[in-house]
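Shown next: input12.csv, containing CSV, C-alpha atoms.
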```
chain,number,residue,atom,x,y,z
A,1,MET,CA,98.7,85.3,95.0
A,2,SER,CA,95.1,86.2,94.4
A,3,GLU,CA,92.7,84.8,91.9
A,4,HIS,CA,92.6,86.4,88.4
A,5,ILE,CA,89.1,87.1,87.2
A,6,VAL,CA,88.7,87.0,83.4
A,7,SER,CA,86.3,89.7,82.3
A,8,PRO,CA,83.2,89.0,80.1
A,9,LYS,CA,84.7,91.2,77.4
A,10,VAL,CA,87.6,88.7,77.0
A,11,TYR,CA,85.1,85.8,76.9
A,12,LEU,CA,83.1,87.5,74.2
A,13,VAL,CA,86.1,88.3,72.1
A,14,ILE,CA,87.2,84.6,72.3
A,15,PHE,CA,83.7,83.5,71.5
A,16,PHE,CA,83.5,85.5,68.3
A,17,THR,CA,87.0,84.4,67.3
A,18,LEU,CA,85.9,80.7,67.8
A,19,MET,CA,82.8,81.5,65.6
A,20,THR,CA,84.9,83.0,62.9
A,21,GLY,CA,87.3,80.0,63.1
A,22,THR,CA,84.3,77.7,62.6
A,23,ALA,CA,83.1,79.7,59.6
A,24,ILE,CA,86.6,79.7,58.0
A,25,THR,CA,86.8,75.9,58.5
A,26,VAL,CA,83.5,75.3,56.7
A,27,TRP,CA,84.5,77.7,53.9
A,28,ALA,CA,87.9,76.1,53.4
A,29,ALA,CA,86.3,72.6,53.4
A,30,PHE,CA,84.4,73.5,50.2
A,31,HIS,CA,87.5,74.6,48.3
A,32,ASN,CA,90.1,72.3,46.9
A,33,PHE,CA,93.5,72.9,48.4
A,34,GLY,CA,94.7,69.4,47.6
A,35,PRO,CA,96.6,67.7,50.4
A,36,PHE,CA,96.3,70.9,52.4
A,37,ASN,CA,92.6,70.7,53.2
A,38,VAL,CA,93.2,68.5,56.2
A,39,VAL,CA,96.2,70.6,57.3
A,40,ILE,CA,94.1,73.8,57.2
A,41,ALA,CA,91.2,72.1,59.1
A,42,LEU,CA,93.5,70.7,61.8
A,43,ALA,CA,95.4,74.0,62.1
A,44,ILE,CA,92.3,76.0,62.7
A,45,ALA,CA,90.9,73.4,65.1
A,46,SER,CA,94.2,73.5,67.1
A,47,LEU,CA,94.1,77.3,67.2
A,48,LYS,CA,90.5,77.2,68.5
A,49,ALA,CA,91.4,74.5,71.1
A,50,THR,CA,94.4,76.6,72.3
A,51,LEU,CA,92.1,79.7,72.8
A,52,VAL,CA,89.6,77.6,74.7
A,53,VAL,CA,92.4,76.2,77.0
A,54,LEU,CA,94.1,79.6,77.5
A,55,TYR,CA,91.0,81.7,78.2
A,56,PHE,CA,87.9,79.7,78.9
A,57,MET,CA,89.8,77.2,81.0
A,58,HIS,CA,92.0,80.0,82.5
A,59,ALA,CA,95.3,78.2,81.7
A,60,ARG,CA,96.9,81.5,80.9
A,61,TYR,CA,96.3,82.7,84.5
A,62,SER,CA,97.0,79.3,86.2
A,63,PRO,CA,100.1,78.4,88.1
A,64,GLN,CA,103.1,76.8,86.4
A,65,ARG,CA,102.2,73.4,87.6
A,66,THR,CA,99.0,73.5,85.6
A,67,HIS,CA,101.0,74.4,82.5
A,68,LEU,CA,103.2,71.4,83.1
A,69,VAL,CA,100.2,69.1,83.3
A,70,ILE,CA,98.9,70.5,80.0
A,71,LEU,CA,102.3,70.1,78.3
A,72,CYS,CA,102.3,66.5,79.5
A,73,ALA,CA,99.0,65.8,77.8
A,74,VAL,CA,100.3,67.2,74.5
A,75,PHE,CA,103.7,65.4,74.9
A,76,TRP,CA,102.1,62.0,75.6
A,77,LEU,CA,99.6,62.4,72.8
A,78,GLY,CA,102.5,63.3,70.5
A,79,ILE,CA,104.3,60.1,71.5
A,80,MET,CA,101.2,58.0,70.8
A,81,LEU,CA,100.5,59.6,67.4
A,82,ALA,CA,104.1,59.7,66.2
A,83,LEU,CA,105.2,56.2,67.1
A,84,THR,CA,102.0,54.5,65.9
A,85,LEU,CA,102.0,56.4,62.6
A,86,THR,CA,105.7,55.7,62.0
A,87,ASP,CA,104.9,52.1,62.4
A,88,TYR,CA,101.9,52.1,60.0
A,89,THR,CA,103.4,54.2,57.3
A,90,THR,CA,106.7,52.3,57.1
A,91,ARG,CA,105.5,48.7,56.8
A,92,PRO,CA,106.3,46.8,53.6
A,93,PRO,CA,103.2,46.7,51.4
A,94,HIS,CA,102.7,42.9,51.6
A,95,ALA,CA,102.6,43.0,55.4
A,96,SER,CA,100.7,46.2,55.6
A,97,HIS,CA,97.3,46.7,57.0
A,98,LEU,CA,97.2,49.6,54.5
A,99,ALA,CA,97.3,47.3,51.4
A,100,PRO,CA,94.0,46.7,49.8
A,101,PRO,CA,92.5,43.5,51.2
A,102,THR,CA,91.7,40.8,48.8
A,103,ARG,CA,88.3,39.9,50.2
A,104,SER,CA,86.4,41.2,53.2
A,105,HIS,CA,83.0,39.4,52.9
A,106,PRO,CA,82.7,35.6,53.3
A,107,ALA,CA,81.7,34.0,50.0
A,108,PRO,CA,78.0,33.2,49.7
A,109,VAL,CA,77.3,29.5,50.4
Z,1,MET,CA,85.9,65.1,108.0
Z,2,HIS,CA,86.8,68.2,109.9
Z,3,ARG,CA,85.5,71.2,108.0
Z,4,THR,CA,85.4,74.9,108.8
Z,5,GLY,CA,82.8,76.6,106.5
Z,6,GLU,CA,83.8,75.7,103.0
Z,7,LEU,CA,87.4,74.8,104.0
Z,8,TYR,CA,88.1,71.1,104.4
Z,9,GLY,CA,90.6,70.1,107.1
Z,10,GLN,CA,93.5,69.0,105.0
Z,11,PHE,CA,93.9,72.4,103.4
Z,12,GLU,CA,95.4,75.6,104.8
Z,13,THR,CA,93.4,78.1,102.7
Z,14,LEU,CA,90.5,78.2,100.4
Z,15,GLU,CA,92.8,79.2,97.6
Z,16,GLN,CA,95.0,76.1,98.1
Z,17,GLN,CA,91.9,74.0,98.2
Z,18,LYS,CA,90.8,75.4,94.9
Z,19,GLU,CA,94.1,75.0,93.2
Z,20,SER,CA,94.4,71.4,94.3
Z,21,ALA,CA,90.9,70.7,92.9
Z,22,ALA,CA,91.8,72.3,89.6
Z,23,LEU,CA,95.1,70.4,89.4
Z,24,GLY,CA,93.2,67.1,90.0
Z,25,MET,CA,90.7,68.0,87.2
Z,26,TRP,CA,93.5,68.8,84.8
Z,27,VAL,CA,95.3,65.5,85.5
Z,28,PHE,CA,92.0,63.7,84.8
Z,29,LEU,CA,91.7,65.7,81.5
Z,30,VAL,CA,95.1,64.4,80.5
Z,31,THR,CA,93.8,60.9,80.7
Z,32,GLU,CA,90.8,62.0,78.7
Z,33,VAL,CA,93.0,63.5,76.0
Z,34,LEU,CA,94.8,60.1,75.6
Z,35,PHE,CA,91.4,58.3,75.7
Z,36,PHE,CA,90.0,60.3,72.8
Z,37,GLY,CA,93.4,60.4,71.2
Z,38,GLY,CA,93.3,56.7,70.6
Z,39,LEU,CA,90.1,57.0,68.7
Z,40,PHE,CA,91.5,59.9,66.6
Z,41,LEU,CA,94.5,57.7,65.8
Z,42,ALA,CA,92.4,54.8,64.7
Z,43,TYR,CA,90.4,57.2,62.5
Z,44,ALA,CA,93.6,58.7,60.9
Z,45,ILE,CA,95.0,55.3,60.0
Z,46,ASN,CA,91.7,54.0,58.5
Z,47,ARG,CA,91.0,57.2,56.7
Z,48,HIS,CA,94.4,56.8,55.1
Z,49,ALA,CA,93.8,53.1,54.3
Z,50,TYR,CA,90.3,53.4,52.9
Z,51,PHE,CA,90.4,57.0,51.6
Z,52,GLU,CA,87.5,56.6,49.2
Z,53,ALA,CA,85.0,54.9,51.6
Z,54,PHE,CA,85.7,57.5,54.3
Z,55,GLY,CA,85.1,60.3,51.9
Z,56,ILE,CA,81.8,58.9,50.8
Z,57,GLY,CA,80.8,58.1,54.4
Z,58,SER,CA,81.7,61.7,55.5
Z,59,ASN,CA,79.6,63.2,52.8
Z,60,THR,CA,76.5,61.4,54.0
Z,61,LEU,CA,76.6,63.5,57.2
Z,62,ASP,CA,74.3,66.6,57.4
Z,63,ILE,CA,76.7,69.6,57.4
Z,64,LYS,CA,73.9,71.9,58.5
Z,65,LEU,CA,73.0,69.9,61.6
Z,66,GLY,CA,76.7,69.4,62.3
Z,67,GLY,CA,77.5,73.1,61.9
Z,68,PHE,CA,74.5,74.1,64.0
Z,69,ASN,CA,75.7,71.8,66.8
Z,70,THR,CA,79.2,73.3,66.6
Z,71,VAL,CA,77.7,76.8,67.2
Z,72,VAL,CA,75.4,75.5,70.0
Z,73,LEU,CA,78.3,73.9,71.8
Z,74,ILE,CA,80.7,76.9,71.5
Z,75,MET,CA,77.8,79.1,72.8
Z,76,SER,CA,77.4,76.7,75.8
Z,77,SER,CA,81.1,77.1,76.5
Z,78,LEU,CA,80.6,80.9,76.6
Z,79,THR,CA,77.6,80.6,79.0
Z,80,MET,CA,79.7,78.2,81.2
Z,81,ALA,CA,82.6,80.7,81.3
Z,82,MET,CA,80.1,83.4,82.2
Z,83,ALA,CA,78.7,81.2,85.0
Z,84,VAL,CA,82.2,81.0,86.5
Z,85,TRP,CA,82.6,84.8,86.2
Z,86,SER,CA,79.2,85.4,87.8
Z,87,ALA,CA,80.3,83.2,90.8
Z,88,GLN,CA,83.6,85.0,91.1
Z,89,VAL,CA,82.0,88.5,91.3
Z,90,GLY,CA,79.2,87.2,93.6
Z,91,LYS,CA,76.2,87.6,91.3
Z,92,LYS,CA,74.3,84.7,92.7
Z,93,ARG,CA,71.2,84.9,90.4
Z,94,LEU,CA,73.3,85.2,87.3
Z,95,VAL,CA,75.2,82.0,88.2
Z,96,SER,CA,71.9,80.0,88.1
Z,97,ILE,CA,70.8,81.7,84.9
Z,98,PHE,CA,74.0,80.9,83.0
Z,99,LEU,CA,74.1,77.4,84.4
Z,100,ILE,CA,70.6,76.8,83.1
Z,101,ALA,CA,71.5,78.3,79.7
Z,102,THR,CA,74.5,76.0,79.5
Z,103,LEU,CA,72.3,72.9,80.4
Z,104,SER,CA,69.7,74.0,77.8
Z,105,LEU,CA,72.3,74.4,75.0
Z,106,GLY,CA,73.8,71.0,75.9
Z,107,THR,CA,70.4,69.4,75.7
Z,108,VAL,CA,69.8,71.0,72.3
Z,109,PHE,CA,73.1,69.5,71.1
Z,110,LEU,CA,72.1,66.1,72.3
Z,111,GLY,CA,68.6,66.5,70.6
Z,112,VAL,CA,70.2,67.3,67.3
Z,113,LYS,CA,72.5,64.3,67.7
Z,114,VAL,CA,69.4,62.1,68.1
Z,115,ILE,CA,68.0,63.4,64.8
Z,116,GLU,CA,71.3,62.7,63.1
Z,117,TYR,CA,71.5,59.1,64.4
Z,118,LYS,CA,67.9,58.5,63.4
Z,119,GLN,CA,68.7,59.6,59.8
Z,120,LYS,CA,71.6,57.1,59.7
Z,121,PHE,CA,69.2,54.3,60.8
Z,122,ASP,CA,66.7,55.3,58.1
Z,123,HIS,CA,69.5,55.3,55.4
Z,124,HIS,CA,70.8,51.8,56.4
Z,125,LEU,CA,74.1,53.3,57.5
Z,126,ILE,CA,74.4,51.5,60.9
Z,127,PRO,CA,77.3,49.0,60.7
Z,128,GLY,CA,75.9,45.4,60.6
Z,129,HIS,CA,73.8,43.2,58.5
Z,130,GLY,CA,71.6,45.7,56.7
Z,131,PHE,CA,74.4,48.2,56.0
Z,132,ASP,CA,74.4,49.5,52.4
Z,133,MET,CA,75.9,52.8,51.2
Z,134,ARG,CA,73.6,52.6,48.1
Z,135,TYR,CA,70.4,52.4,50.0
Z,136,ARG,CA,69.6,56.1,50.1
Z,137,THR,CA,70.2,56.7,46.4
Z,138,GLU,CA,68.1,53.7,45.5
Z,139,ASN,CA,65.3,54.4,47.8
Z,140,PRO,CA,65.1,58.2,47.9
Z,141,SER,CA,62.4,59.8,49.9
Z,142,GLN,CA,60.1,62.4,48.4
Z,143,THR,CA,61.8,65.3,50.2
Z,144,ASP,CA,65.2,64.5,48.5
Z,145,ASP,CA,66.3,66.6,45.6
Z,146,PRO,CA,66.4,64.3,42.5
Z,147,LYS,CA,69.4,66.2,41.1
Z,148,GLU,CA,71.4,65.7,44.2
Z,149,ILE,CA,70.5,62.0,44.4
Z,150,ALA,CA,71.6,61.5,40.8
Z,151,LEU,CA,74.9,63.2,41.5
Z,152,GLU,CA,75.4,61.1,44.6
Z,153,LYS,CA,74.6,58.0,42.7
Z,154,GLU,CA,77.2,58.9,40.1
Z,155,GLU,CA,79.8,59.5,42.8
Z,156,LEU,CA,78.9,56.2,44.5
Z,157,GLY,CA,79.2,54.3,41.2
Z,158,LYS,CA,82.7,55.7,40.7
Z,159,ALA,CA,83.7,54.9,44.3
Z,160,PHE,CA,82.4,51.3,43.9
Z,161,THR,CA,84.6,50.7,40.8
Z,162,GLN,CA,87.6,52.1,42.7
Z,163,ASP,CA,87.0,50.1,45.8
Z,164,PRO,CA,84.6,47.1,45.3
Z,165,ASP,CA,84.7,46.4,49.0
Z,166,ILE,CA,83.5,49.9,49.8
Z,167,ASN,CA,80.5,48.7,51.8
Z,168,ALA,CA,82.9,46.9,54.2
Z,169,HIS,CA,85.2,49.9,54.5
Z,170,GLY,CA,82.3,52.2,54.9
Z,171,GLN,CA,81.2,50.3,57.9
Z,172,LEU,CA,84.6,51.1,59.4
Z,173,TYR,CA,83.9,54.8,58.9
Z,174,PHE,CA,80.5,54.5,60.5
Z,175,SER,CA,81.8,52.4,63.4
Z,176,LEU,CA,84.3,55.1,64.1
Z,177,TYR,CA,81.7,57.8,63.6
Z,178,PHE,CA,79.3,56.2,66.2
Z,179,ALA,CA,82.2,55.4,68.6
Z,180,MET,CA,83.6,58.9,68.6
Z,181,THR,CA,80.3,60.9,68.6
Z,182,GLY,CA,78.8,58.4,71.0
Z,183,LEU,CA,81.6,58.7,73.5
Z,184,HIS,CA,81.5,62.5,73.1
Z,185,ALA,CA,77.7,62.4,73.7
Z,186,LEU,CA,78.2,60.2,76.8
Z,187,HIS,CA,80.5,62.9,78.1
Z,188,MET,CA,77.8,65.5,77.4
Z,189,ILE,CA,75.3,63.5,79.3
Z,190,VAL,CA,77.7,63.2,82.3
Z,191,GLY,CA,78.2,67.0,82.0
Z,192,ALA,CA,74.5,67.6,81.9
Z,193,GLY,CA,74.1,65.6,85.1
Z,194,LEU,CA,76.8,67.7,86.8
Z,195,LEU,CA,75.1,70.9,85.6
Z,196,VAL,CA,71.8,69.7,87.2
Z,197,TRP,CA,73.6,69.3,90.5
Z,198,LEU,CA,75.3,72.7,90.2
Z,199,ILE,CA,72.0,74.4,89.4
Z,200,LYS,CA,70.4,72.8,92.5
Z,201,VAL,CA,73.3,74.0,94.7
Z,202,SER,CA,73.3,77.5,93.1
Z,203,PHE,CA,69.6,77.9,94.0
Z,204,ARG,CA,70.7,77.7,97.6
Z,205,GLY,CA,73.1,80.5,96.9
Z,206,ARG,CA,76.2,78.4,97.9
Z,207,PHE,CA,78.5,79.9,95.2
Z,208,THR,CA,80.3,83.0,96.3
Z,209,PRO,CA,83.5,84.9,95.4
Z,210,GLN,CA,85.2,83.0,98.2
Z,211,TYR,CA,83.9,79.5,97.3
Z,212,ASN,CA,83.1,78.6,93.6
Z,213,THR,CA,85.3,75.6,93.1
Z,214,PRO,CA,82.6,73.2,91.8
Z,215,VAL,CA,81.5,75.7,89.1
Z,216,GLU,CA,85.1,76.2,88.0
Z,217,ILE,CA,85.9,72.4,87.9
Z,218,VAL,CA,82.8,71.4,86.0
Z,219,GLY,CA,83.6,74.4,83.7
Z,220,LEU,CA,87.0,72.8,82.9
Z,221,TYR,CA,85.3,69.5,82.1
Z,222,TRP,CA,82.6,71.2,79.9
Z,223,HIS,CA,85.2,73.2,77.9
Z,224,PHE,CA,87.3,70.0,77.4
Z,225,VAL,CA,84.2,68.3,75.8
Z,226,ASP,CA,83.8,71.4,73.6
Z,227,ILE,CA,87.5,71.0,72.4
Z,228,VAL,CA,86.8,67.3,71.5
Z,229,TRP,CA,83.9,68.5,69.3
Z,230,ILE,CA,86.1,71.2,67.7
Z,231,TYR,CA,88.3,68.4,66.3
Z,232,LEU,CA,85.4,66.0,65.6
Z,233,PHE,CA,83.4,68.4,63.4
Z,234,PRO,CA,86.0,69.0,60.7
Z,235,LEU,CA,87.4,65.4,60.8
Z,236,LEU,CA,84.0,63.7,60.5
Z,237,TYR,CA,81.9,66.1,58.5
Z,238,LEU,CA,84.2,68.1,56.3
Z,239,ILE,CA,87.0,65.9,55.0
Z,240,ASP,CA,85.6,65.4,51.5
Z,241,ARG,CA,83.4,68.3,50.7
Z,242,HIS,CA,85.6,69.9,48.1
Z,243,ARG,CA,85.1,67.5,45.1
```
Starting from the file, give its structure as structure tokens.
Amino acid sequence: MSEHIVSPKVYLVIFFTLMTGTAITVWAAFHNFGPFNVVIALAIASLKATLVVLYFMHARYSPQRTHLVILCAVFWLGIMLALTLTDYTTRPPHASHLAPPTRSHPAPV
Amino acid sequence: MHRTGELYGQFETLEQQKESAALGMWVFLVTEVLFFGGLFLAYAINRHAYFEAFGIGSNTLDIKLGGFNTVVLIMSSLTMAMAVWSAQVGKKRLVSIFLIATLSLGTVFLGVKVIEYKQKFDHHLIPGHGFDMRYRTENPSQTDDPKEIALEKEELGKAFTQDPDINAHGQLYFSLYFAMTGLHALHMIVGAGLLVWLIKVSFRGRFTPQYNTPVEIVGLYWHFVDIVWIYLFPLLYLIDRHR
């Protein structure tokens, strides 16, 4: 098992893809896609992050055990996000942190 | 500790030593994902709860500076990757050159961040006693475009009728902004320190095709910090530009 050397050509292709991704993100942000604006932004960001992990961080050429560690990160992050958001989005309005608060500044004396 | 050349006693081969080091770094990065993940989660919940205030807060950020920094950081990731490649193929001078390029780009990023923070101080957008989202439109500087200020004033007026407590909720946005970008900047400063050390070692010609573990490991860390920014940029700067 010998080390895999990623060539500069691959790095350059990834670099220009990341730049294009950034340009598309900025372009999309100035157009109204309704609720999909945030979806588009996060989808492009995730695509860029995946490219960085696979090529810049050599995950694609790493042993299976590295893949397992990366999947663990995604899995545990998923648990944290999913369970917390399920809680916040299903609370009844009167008990909810999401309800507009009545007053947030102390009244002037 | 017993050591033969670059090989420490507890390892059989250099390759095993390198794989162990990389695995350790990846495990550390998992904890970092959850560390930053908590902040992203807090941001998502508050953005949902105080939609208007977060939109107004986000639009006060300078998209040109933010975009410039994104380009700078991705470029620094490229030079870091090239430093790893140079070490792997044994080009000792190139290792130093690419490491210095990475450090320079990282410093540019931090410098731009300082300019952005200074602007927020000037515009009274630091959470605390003097915080006022209206400050900038009511005290415009001479360099501000009057048309843009008028438009911003109108938007702010509308936002204040929708959410009278917007100055309180805006502070939540800026607390999260400073916490997230601040923690990211702290990681950059740590990374810059590691790069200074790598550059010193690379001047002694220590990194060879057989032994380049430190460059590879610091590279993993640097790319991770880049990934955090890839998410921070759209979430902090771009969420409400389309109105």
List as a PyMOL selection string: which residues have an atom within 6 Å of (78.1, 81.0, 86.0), counting all atoms listed in the file? chain Z and resi 80+82-87+95+98-99
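In plain terms, chain Z touches chain A through Leu23, Trp26, Val27, Val30, Val33, Leu34, Gly37, Leu41, Ala49, Leu78, Ala81, Met82, Trp85, Asp165, Ala168, Leu220, His223, Ile227, Ile230, Tyr231, Pro234, Leu238, Ile239, Arg241 and His242 of chain Z, where touching means an atom at most 7 Å away, counting all atoms listed in the file.
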Sort by chain and increasing residue number a table of all residues of segment 43-78 of chain Z within 9 Å of segment 101-108 of chain Z, each with its closest pair of atoms and their distance in Å to one decimal, counting only C-alpha atoms, and write it as CSV.
```
residue,atom,partner,partner_atom,distance
Z:Asn69,CA,Z:Val108,CA,8.1
Z:Val72,CA,Z:Leu105,CA,6.0
Z:Leu73,CA,Z:Gly106,CA,6.7
Z:Met75,CA,Z:Leu105,CA,7.6
Z:Ser76,CA,Z:Thr102,CA,4.8
Z:Ser77,CA,Z:Thr102,CA,7.3
Z:Leu78,CA,Z:Thr102,CA,8.3
```
If we count all atoms listed in the file, what is near Leu65 of chain Z at a cut-off of 12 Å, once residues fewer than 6 positions away on the same chain are taken out, given as number ranges by chain? Z: 71-72, 108-117, 119, 233, 237
Selection file, C-alpha atoms, as a PDB file, in the coordinates of the input:
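File written: again.pdb
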```pdb
ATOM      1  CA  VAL Z  71      77.700  76.800  67.200  1.00  0.00           C
ATOM      2  CA  VAL Z  72      75.400  75.500  70.000  1.00  0.00           C
ATOM      3  CA  VAL Z 108      69.800  71.000  72.300  1.00  0.00           C
ATOM      4  CA  PHE Z 109      73.100  69.500  71.100  1.00  0.00           C
ATOM      5  CA  LEU Z 110      72.100  66.100  72.300  1.00  0.00           C
ATOM      6  CA  GLY Z 111      68.600  66.500  70.600  1.00  0.00           C
ATOM      7  CA  VAL Z 112      70.200  67.300  67.300  1.00  0.00           C
ATOM      8  CA  LYS Z 113      72.500  64.300  67.700  1.00  0.00           C
ATOM      9  CA  VAL Z 114      69.400  62.100  68.100  1.00  0.00           C
ATOM     10  CA  ILE Z 115      68.000  63.400  64.800  1.00  0.00           C
ATOM     11  CA  GLU Z 116      71.300  62.700  63.100  1.00  0.00           C
ATOM     12  CA  TYR Z 117      71.500  59.100  64.400  1.00  0.00           C
ATOM     13  CA  GLN Z 119      68.700  59.600  59.800  1.00  0.00           C
ATOM     14  CA  PHE Z 233      83.400  68.400  63.400  1.00  0.00           C
ATOM     15  CA  TYR Z 237      81.900  66.100  58.500  1.00  0.00           C
TER      16      TYR Z 237
END
```
Taken to one decimal, the atom CA of Ser58 of chain Z-atom CA of Leu236 of chain Z distance is 5.9 Å
Atoms kept (C-alpha atoms) for segment 50-129 of chain Z, as a compact mmCIF listing (two decimals), in the first residue's frame:
```
# COMPACT_ATOMS: atom_id res chain seq x y z
CA TYR Z 50 -36.18 36.61 14.42
CA PHE Z 51 -36.28 36.47 10.64
CA GLU Z 52 -36.57 40.22 10.05
CA ALA Z 53 -33.80 41.27 12.44
CA PHE Z 54 -31.36 38.69 11.05
CA GLY Z 55 -32.08 39.81 7.48
CA ILE Z 56 -31.39 43.46 8.35
CA GLY Z 57 -28.27 42.50 10.32
CA SER Z 58 -26.95 40.37 7.47
CA ASN Z 59 -27.40 43.18 4.96
CA THR Z 60 -25.17 45.49 7.01
CA LEU Z 61 -22.19 43.22 6.23
CA ASP Z 62 -19.90 44.23 3.38
CA ILE Z 63 -20.37 41.65 0.65
CA LYS Z 64 -17.27 42.82 -1.26
CA LEU Z 65 -14.98 42.29 1.72
CA GLY Z 66 -16.68 38.97 2.53
CA GLY Z 67 -16.43 37.74 -1.05
CA PHE Z 68 -12.80 38.85 -1.30
CA ASN Z 69 -12.00 36.94 1.88
CA THR Z 70 -13.70 33.82 0.51
CA VAL Z 71 -11.50 33.94 -2.59
CA VAL Z 72 -8.38 34.55 -0.45
CA LEU Z 73 -9.15 31.60 1.81
CA ILE Z 74 -9.84 29.17 -1.05
CA MET Z 75 -6.58 30.31 -2.66
CA SER Z 76 -4.76 29.62 0.61
CA SER Z 77 -6.23 26.11 0.59
CA LEU Z 78 -4.83 25.61 -2.92
CA THR Z 79 -1.34 26.77 -1.87
CA MET Z 80 -1.52 24.52 1.22
CA ALA Z 81 -2.42 21.53 -0.98
CA MET Z 82 0.47 22.46 -3.28
CA ALA Z 83 2.84 22.57 -0.29
CA VAL Z 84 1.83 18.98 0.53
CA TRP Z 85 2.41 17.96 -3.08
CA SER Z 86 5.84 19.67 -3.16
CA ALA Z 87 6.88 17.75 -0.06
CA GLN Z 88 5.63 14.46 -1.52
CA VAL Z 89 7.67 14.88 -4.71
CA GLY Z 90 10.72 16.21 -2.82
CA LYS Z 91 10.83 19.81 -4.08
CA LYS Z 92 12.19 21.31 -0.85
CA ARG Z 93 12.31 24.95 -1.99
CA LEU Z 94 8.73 24.83 -3.26
CA VAL Z 95 7.52 23.53 0.11
CA SER Z 96 8.81 26.69 1.80
CA ILE Z 97 7.44 28.95 -0.95
CA PHE Z 98 3.93 27.47 -0.84
CA LEU Z 99 3.87 27.50 2.97
CA ILE Z 100 4.85 31.19 2.98
CA ALA Z 101 2.14 31.89 0.37
CA THR Z 102 -0.43 30.13 2.56
CA LEU Z 103 0.64 32.11 5.62
CA SER Z 104 0.48 35.39 3.66
CA LEU Z 105 -3.02 34.69 2.35
CA GLY Z 106 -4.14 33.72 5.87
CA THR Z 107 -2.77 37.02 7.18
CA VAL Z 108 -4.61 38.96 4.44
CA PHE Z 109 -7.83 37.22 5.50
CA LEU Z 110 -7.32 38.25 9.14
CA GLY Z 111 -6.45 41.81 8.11
CA VAL Z 112 -9.69 42.16 6.13
CA LYS Z 113 -11.56 40.75 9.14
CA VAL Z 114 -10.06 43.53 11.29
CA ILE Z 115 -11.38 46.15 8.82
CA GLU Z 116 -14.84 44.57 8.95
CA TYR Z 117 -14.89 44.47 12.77
CA LYS Z 118 -13.79 48.12 12.90
CA GLN Z 119 -16.73 49.09 10.65
CA LYS Z 120 -19.14 47.36 13.02
CA PHE Z 121 -17.69 49.34 15.95
CA ASP Z 122 -18.07 52.59 13.99
CA HIS Z 123 -21.70 51.79 13.11
CA HIS Z 124 -22.69 50.95 16.71
CA LEU Z 125 -23.37 47.32 15.82
CA ILE Z 126 -21.49 45.73 18.73
CA PRO Z 127 -23.98 43.99 21.09
CA GLY Z 128 -24.20 45.98 24.29
CA HIS Z 129 -25.19 49.37 25.59
```
